[in-house]
Structure formats: structure tokens, C-alpha cells
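Asks: I'd like to ask some things about the structure below.
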Amino acid sequence: ADVTAERLAVPEGERQAFKEYYSTLREKFGGAPDDQKLKGWKKDLQQARSEAEVRAHFAGNCALLQLAVDAVLGPASERGEGAEDRIWRLLHQRFVFLGVYAPDTSLDDLLGRLRVEAEGIAANAPSAAVGGLRLAPGVFD
């Protein structure tokens, strides 16, 4: 994938997404895709957001979710071991799902939606229910 990305002059900032795209085509066609199959990579990546892009956005904006995470967890004295890691993992998984399957919605808007979901959970569930955290299902058109 690296050699192909270099040959096709894929910009450095898009390499991770290109690798993901390349890997998907490799699985689909049972081998390394030729240049003909890769020629529309830029257009395809504009239509469907890559997981790499979504993960990077989440990592760069975790501070915006910290208050919601603290609200879900409740007082420090009531938190179970590993509870915060579980919450972050659930939020991360939810955001990746939202980001990949709702490409027409900006990642900032999706991050806001995720924060609202987490705050809703905190408002409606006792802190002892952290292990049973359930995020609200999304609707994708």
C-alpha cells in the first residue's frame, strides 16, 4: 500500500485513509488491486469517510467529552476499577460507527451528538450502572 500510495502521489495527510481503502479493495478482489481499480480512490474517500479520519478526529477532541464522561462515571469514590476506560472505549466505538456511517454529517456535529447521548445517560442512570452503559441508537439515512 505504501509503494502504491507513493506511485499514485497520495498526499501524506491522506495516506492512512488510502491504506484503509487499499486494504478493503485487496479483500474484495482477493489480491492487490491494480491501478485501474484504484483510479477513483480520491472520489471514493470523499463519499465515504475512512475509519482513520474518524479515529483521528476523536483523539483530537477527547477534551470536549471529558465532562460527559465524568458525569456518566459519577463521584470518584463510586467509580469501579477500569470504569473510565470502558466508558471511553464505548464512546470511541460509537463515534467510529457514527463517523463512518453518517458521512454527510460533520464530525464536529457527530461529536456533539455523542456528548448529548452520554450526558443523557448520566442524567437517566445511577452511577452504579456504569458497566451497563448503553448509548442511544442512531438514525442514518
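Note on naming: chains are A, B, ... as they come in the C-alpha cells, residues start from 1 per chain, ligands start from 1 in the order shown.
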Looking only at alpha helix (DSSP H) from DSSP on the backbone, list the matching residues of chain A as a compact mmCIF listing (two decimals) with N, CA and C atoms, in the first residue's frame.
Replies:
# COMPACT_ATOMS: atom_id res chain seq x y z
N ASP A 2 1.97 1.23 0.75
CA ASP A 2 2.85 2.40 0.80
C ASP A 2 3.46 2.70 -0.56
N VAL A 3 3.92 1.66 -1.23
CA VAL A 3 4.54 1.84 -2.56
C VAL A 3 3.50 2.36 -3.55
N THR A 4 2.32 1.80 -3.50
CA THR A 4 1.24 2.24 -4.40
C THR A 4 0.86 3.68 -4.10
N ALA A 5 0.75 4.02 -2.83
CA ALA A 5 0.40 5.40 -2.45
C ALA A 5 1.46 6.37 -2.96
N GLU A 6 2.70 5.98 -2.87
CA GLU A 6 3.79 6.81 -3.36
C GLU A 6 3.69 6.97 -4.88
N ARG A 7 3.45 5.88 -5.57
CA ARG A 7 3.34 5.90 -7.03
C ARG A 7 2.16 6.76 -7.50
N ARG A 15 -2.70 9.41 3.57
CA ARG A 15 -2.10 8.07 3.43
C ARG A 15 -2.82 7.01 4.27
N GLN A 16 -3.15 7.34 5.50
CA GLN A 16 -3.80 6.34 6.37
C GLN A 16 -5.15 5.94 5.80
N ALA A 17 -5.92 6.92 5.33
CA ALA A 17 -7.21 6.61 4.73
C ALA A 17 -7.03 5.81 3.44
N PHE A 18 -6.00 6.15 2.66
CA PHE A 18 -5.73 5.41 1.44
C PHE A 18 -5.37 3.95 1.75
N LYS A 19 -4.57 3.74 2.78
CA LYS A 19 -4.19 2.37 3.18
C LYS A 19 -5.44 1.56 3.55
N GLU A 20 -6.35 2.20 4.24
CA GLU A 20 -7.60 1.53 4.61
C GLU A 20 -8.39 1.17 3.35
N TYR A 21 -8.46 2.11 2.42
CA TYR A 21 -9.16 1.91 1.13
C TYR A 21 -8.49 0.77 0.35
N TYR A 22 -7.17 0.80 0.28
CA TYR A 22 -6.40 -0.22 -0.42
C TYR A 22 -6.66 -1.60 0.19
N SER A 23 -6.64 -1.67 1.50
CA SER A 23 -6.88 -2.93 2.21
C SER A 23 -8.27 -3.48 1.91
N THR A 24 -9.25 -2.60 1.86
CA THR A 24 -10.62 -3.01 1.56
C THR A 24 -10.71 -3.59 0.15
N LEU A 25 -10.08 -2.92 -0.80
CA LEU A 25 -10.08 -3.42 -2.19
C LEU A 25 -9.32 -4.74 -2.29
N ARG A 26 -8.25 -4.86 -1.55
CA ARG A 26 -7.46 -6.10 -1.55
C ARG A 26 -8.32 -7.28 -1.08
N GLU A 27 -9.09 -7.05 -0.02
CA GLU A 27 -10.01 -8.10 0.47
C GLU A 27 -11.09 -8.40 -0.55
N LYS A 28 -11.66 -7.35 -1.13
CA LYS A 28 -12.75 -7.51 -2.08
C LYS A 28 -12.34 -8.31 -3.32
N PHE A 29 -11.14 -8.01 -3.84
CA PHE A 29 -10.72 -8.65 -5.08
C PHE A 29 -9.76 -9.82 -4.87
N ASP A 35 -3.98 -0.50 -10.79
CA ASP A 35 -4.20 0.95 -10.87
C ASP A 35 -5.59 1.30 -11.39
N GLN A 36 -6.14 0.47 -12.23
CA GLN A 36 -7.48 0.71 -12.77
C GLN A 36 -8.52 0.73 -11.63
N LYS A 37 -8.38 -0.21 -10.69
CA LYS A 37 -9.31 -0.27 -9.57
C LYS A 37 -9.07 0.85 -8.56
N LEU A 38 -7.87 1.38 -8.56
CA LEU A 38 -7.51 2.42 -7.59
C LEU A 38 -7.69 3.84 -8.13
N TRP A 41 -9.80 6.46 -6.15
CA TRP A 41 -9.63 6.45 -4.69
C TRP A 41 -10.05 7.77 -4.04
N LYS A 42 -9.68 8.88 -4.64
CA LYS A 42 -9.98 10.18 -4.02
C LYS A 42 -11.49 10.43 -3.96
N LYS A 43 -12.17 10.13 -5.05
CA LYS A 43 -13.62 10.30 -5.11
C LYS A 43 -14.32 9.37 -4.11
N ASP A 44 -13.87 8.13 -4.06
CA ASP A 44 -14.46 7.16 -3.13
C ASP A 44 -14.27 7.60 -1.68
N LEU A 45 -13.10 8.12 -1.35
CA LEU A 45 -12.85 8.56 0.02
C LEU A 45 -13.61 9.83 0.38
N GLN A 46 -14.01 10.60 -0.61
CA GLN A 46 -14.82 11.78 -0.34
C GLN A 46 -16.27 11.37 -0.07
N GLN A 47 -16.70 10.27 -0.66
CA GLN A 47 -18.08 9.81 -0.48
C GLN A 47 -18.26 9.05 0.82
N GLU A 51 -12.22 5.20 8.49
CA GLU A 51 -12.11 4.98 9.93
C GLU A 51 -10.94 5.76 10.50
N ALA A 52 -9.85 5.82 9.75
CA ALA A 52 -8.67 6.54 10.22
C ALA A 52 -8.98 8.01 10.47
N GLU A 53 -9.74 8.63 9.59
CA GLU A 53 -10.11 10.04 9.75
C GLU A 53 -10.99 10.23 10.99
N VAL A 54 -11.92 9.32 11.19
CA VAL A 54 -12.83 9.41 12.34
C VAL A 54 -12.06 9.23 13.64
N ARG A 55 -11.20 8.23 13.68
CA ARG A 55 -10.40 7.98 14.89
C ARG A 55 -9.51 9.17 15.23
N ALA A 56 -8.91 9.77 14.22
CA ALA A 56 -8.04 10.93 14.44
C ALA A 56 -8.85 12.10 15.01
N HIS A 57 -10.05 12.30 14.51
CA HIS A 57 -10.89 13.39 14.99
C HIS A 57 -11.28 13.17 16.46
N PHE A 58 -11.62 11.94 16.78
CA PHE A 58 -11.98 11.61 18.16
C PHE A 58 -10.79 11.87 19.08
N ALA A 59 -9.62 11.39 18.68
CA ALA A 59 -8.42 11.55 19.51
C ALA A 59 -8.09 13.02 19.73
N GLY A 60 -8.33 13.83 18.73
CA GLY A 60 -8.03 15.24 18.84
C GLY A 60 -9.07 16.06 19.60
N GLN A 66 -14.83 15.06 28.05
CA GLN A 66 -14.42 14.72 29.41
C GLN A 66 -15.51 15.02 30.44
N LEU A 67 -16.21 16.13 30.32
CA LEU A 67 -17.28 16.45 31.29
C LEU A 67 -18.40 15.42 31.22
N ALA A 68 -18.74 14.98 30.01
CA ALA A 68 -19.78 13.97 29.87
C ALA A 68 -19.32 12.64 30.47
N VAL A 69 -18.06 12.30 30.27
CA VAL A 69 -17.52 11.06 30.84
C VAL A 69 -17.57 11.13 32.36
N ASP A 70 -17.15 12.26 32.91
CA ASP A 70 -17.19 12.43 34.37
C ASP A 70 -18.61 12.33 34.90
N ALA A 71 -19.57 12.87 34.15
CA ALA A 71 -20.98 12.81 34.58
C ALA A 71 -21.49 11.37 34.57
N VAL A 72 -21.11 10.60 33.56
CA VAL A 72 -21.53 9.20 33.48
C VAL A 72 -20.92 8.40 34.63
N LEU A 73 -19.66 8.68 34.93
CA LEU A 73 -18.96 7.92 35.97
C LEU A 73 -19.42 8.26 37.38
N ALA A 83 -13.54 1.56 35.04
CA ALA A 83 -14.80 2.11 34.55
C ALA A 83 -14.57 3.21 33.52
N GLU A 84 -13.63 4.09 33.80
CA GLU A 84 -13.39 5.19 32.86
C GLU A 84 -12.88 4.68 31.52
N ASP A 85 -12.01 3.69 31.54
CA ASP A 85 -11.52 3.10 30.29
C ASP A 85 -12.66 2.48 29.49
N ARG A 86 -13.58 1.81 30.17
CA ARG A 86 -14.74 1.21 29.49
C ARG A 86 -15.61 2.27 28.84
N ILE A 87 -15.84 3.36 29.57
CA ILE A 87 -16.66 4.45 29.03
C ILE A 87 -16.00 5.04 27.79
N TRP A 88 -14.71 5.33 27.88
CA TRP A 88 -14.00 5.88 26.72
C TRP A 88 -14.05 4.92 25.54
N ARG A 89 -13.90 3.64 25.81
CA ARG A 89 -13.94 2.65 24.72
C ARG A 89 -15.31 2.62 24.06
N LEU A 90 -16.36 2.65 24.86
CA LEU A 90 -17.72 2.68 24.31
C LEU A 90 -17.98 3.94 23.49
N LEU A 91 -17.55 5.08 24.01
CA LEU A 91 -17.73 6.33 23.29
C LEU A 91 -16.94 6.32 21.98
N HIS A 92 -15.73 5.79 22.03
CA HIS A 92 -14.90 5.72 20.84
C HIS A 92 -15.56 4.83 19.78
N GLN A 93 -16.03 3.66 20.19
CA GLN A 93 -16.68 2.75 19.25
C GLN A 93 -17.93 3.39 18.64
N ARG A 94 -18.69 4.05 19.46
CA ARG A 94 -19.91 4.71 18.98
C ARG A 94 -19.55 5.81 17.97
N PHE A 95 -18.52 6.57 18.27
CA PHE A 95 -18.12 7.65 17.38
C PHE A 95 -17.60 7.12 16.05
N VAL A 96 -16.85 6.06 16.09
CA VAL A 96 -16.36 5.46 14.83
C VAL A 96 -17.55 5.00 13.99
N PHE A 97 -18.52 4.37 14.62
CA PHE A 97 -19.71 3.94 13.89
C PHE A 97 -20.43 5.14 13.28
N LEU A 98 -20.67 6.16 14.10
CA LEU A 98 -21.36 7.36 13.61
C LEU A 98 -20.57 8.01 12.48
N GLY A 99 -19.28 8.14 12.66
CA GLY A 99 -18.44 8.82 11.69
C GLY A 99 -18.36 8.14 10.34
N VAL A 100 -18.31 6.82 10.36
CA VAL A 100 -18.19 6.07 9.11
C VAL A 100 -19.54 5.97 8.40
N TYR A 101 -20.61 5.76 9.15
CA TYR A 101 -21.91 5.51 8.53
C TYR A 101 -22.82 6.72 8.41
N LEU A 107 -18.04 15.74 11.39
CA LEU A 107 -17.53 15.05 12.57
C LEU A 107 -17.75 15.88 13.83
N ASP A 108 -17.69 17.19 13.72
CA ASP A 108 -17.97 18.03 14.89
C ASP A 108 -19.42 17.88 15.35
N ASP A 109 -20.35 17.81 14.39
CA ASP A 109 -21.76 17.60 14.76
C ASP A 109 -21.96 16.23 15.40
N LEU A 110 -21.28 15.23 14.88
CA LEU A 110 -21.39 13.88 15.45
C LEU A 110 -20.79 13.83 16.85
N LEU A 111 -19.72 14.57 17.05
CA LEU A 111 -19.12 14.62 18.38
C LEU A 111 -20.09 15.27 19.37
N GLY A 112 -20.78 16.30 18.92
CA GLY A 112 -21.80 16.94 19.75
C GLY A 112 -22.94 15.99 20.07
N ARG A 113 -23.35 15.22 19.07
CA ARG A 113 -24.41 14.23 19.29
C ARG A 113 -23.98 13.18 20.31
N LEU A 114 -22.74 12.75 20.20
CA LEU A 114 -22.22 11.75 21.14
C LEU A 114 -22.19 12.32 22.56
N ARG A 115 -21.78 13.57 22.69
CA ARG A 115 -21.75 14.21 24.00
C ARG A 115 -23.15 14.28 24.61
N VAL A 116 -24.13 14.63 23.79
CA VAL A 116 -25.53 14.71 24.26
C VAL A 116 -26.01 13.32 24.69
N GLU A 117 -25.66 12.29 23.92
CA GLU A 117 -26.05 10.92 24.29
C GLU A 117 -25.46 10.54 25.64
N ALA A 118 -24.17 10.84 25.83
CA ALA A 118 -23.50 10.48 27.08
C ALA A 118 -24.09 11.27 28.25
N GLU A 119 -24.37 12.54 28.04
CA GLU A 119 -24.97 13.35 29.10
C GLU A 119 -26.38 12.85 29.43
N GLY A 120 -27.11 12.39 28.43
CA GLY A 120 -28.44 11.83 28.66
C GLY A 120 -28.38 10.57 29.50
N ILE A 121 -27.37 9.77 29.25
CA ILE A 121 -27.17 8.55 30.04
C ILE A 121 -26.87 8.93 31.49
N ALA A 122 -26.02 9.93 31.66
CA ALA A 122 -25.65 10.35 33.01
C ALA A 122 -26.85 10.87 33.77
N ALA A 123 -27.74 11.56 33.08
CA ALA A 123 -28.91 12.14 33.73
C ALA A 123 -29.97 11.10 34.07
N ASN A 124 -29.98 9.98 33.33
CA ASN A 124 -31.04 8.99 33.49
C ASN A 124 -30.62 7.70 34.18
Asks: Of the candidates A:Gly40, A:Gly30, A:Leu64, A:Arg79, which one gets nearest to Leu8 of chain A if we count only C-alpha atoms?
Replies: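 When distances to Leu8 of chain A are compared using only C-alpha atoms, the smallest one comes from A:Gly40.
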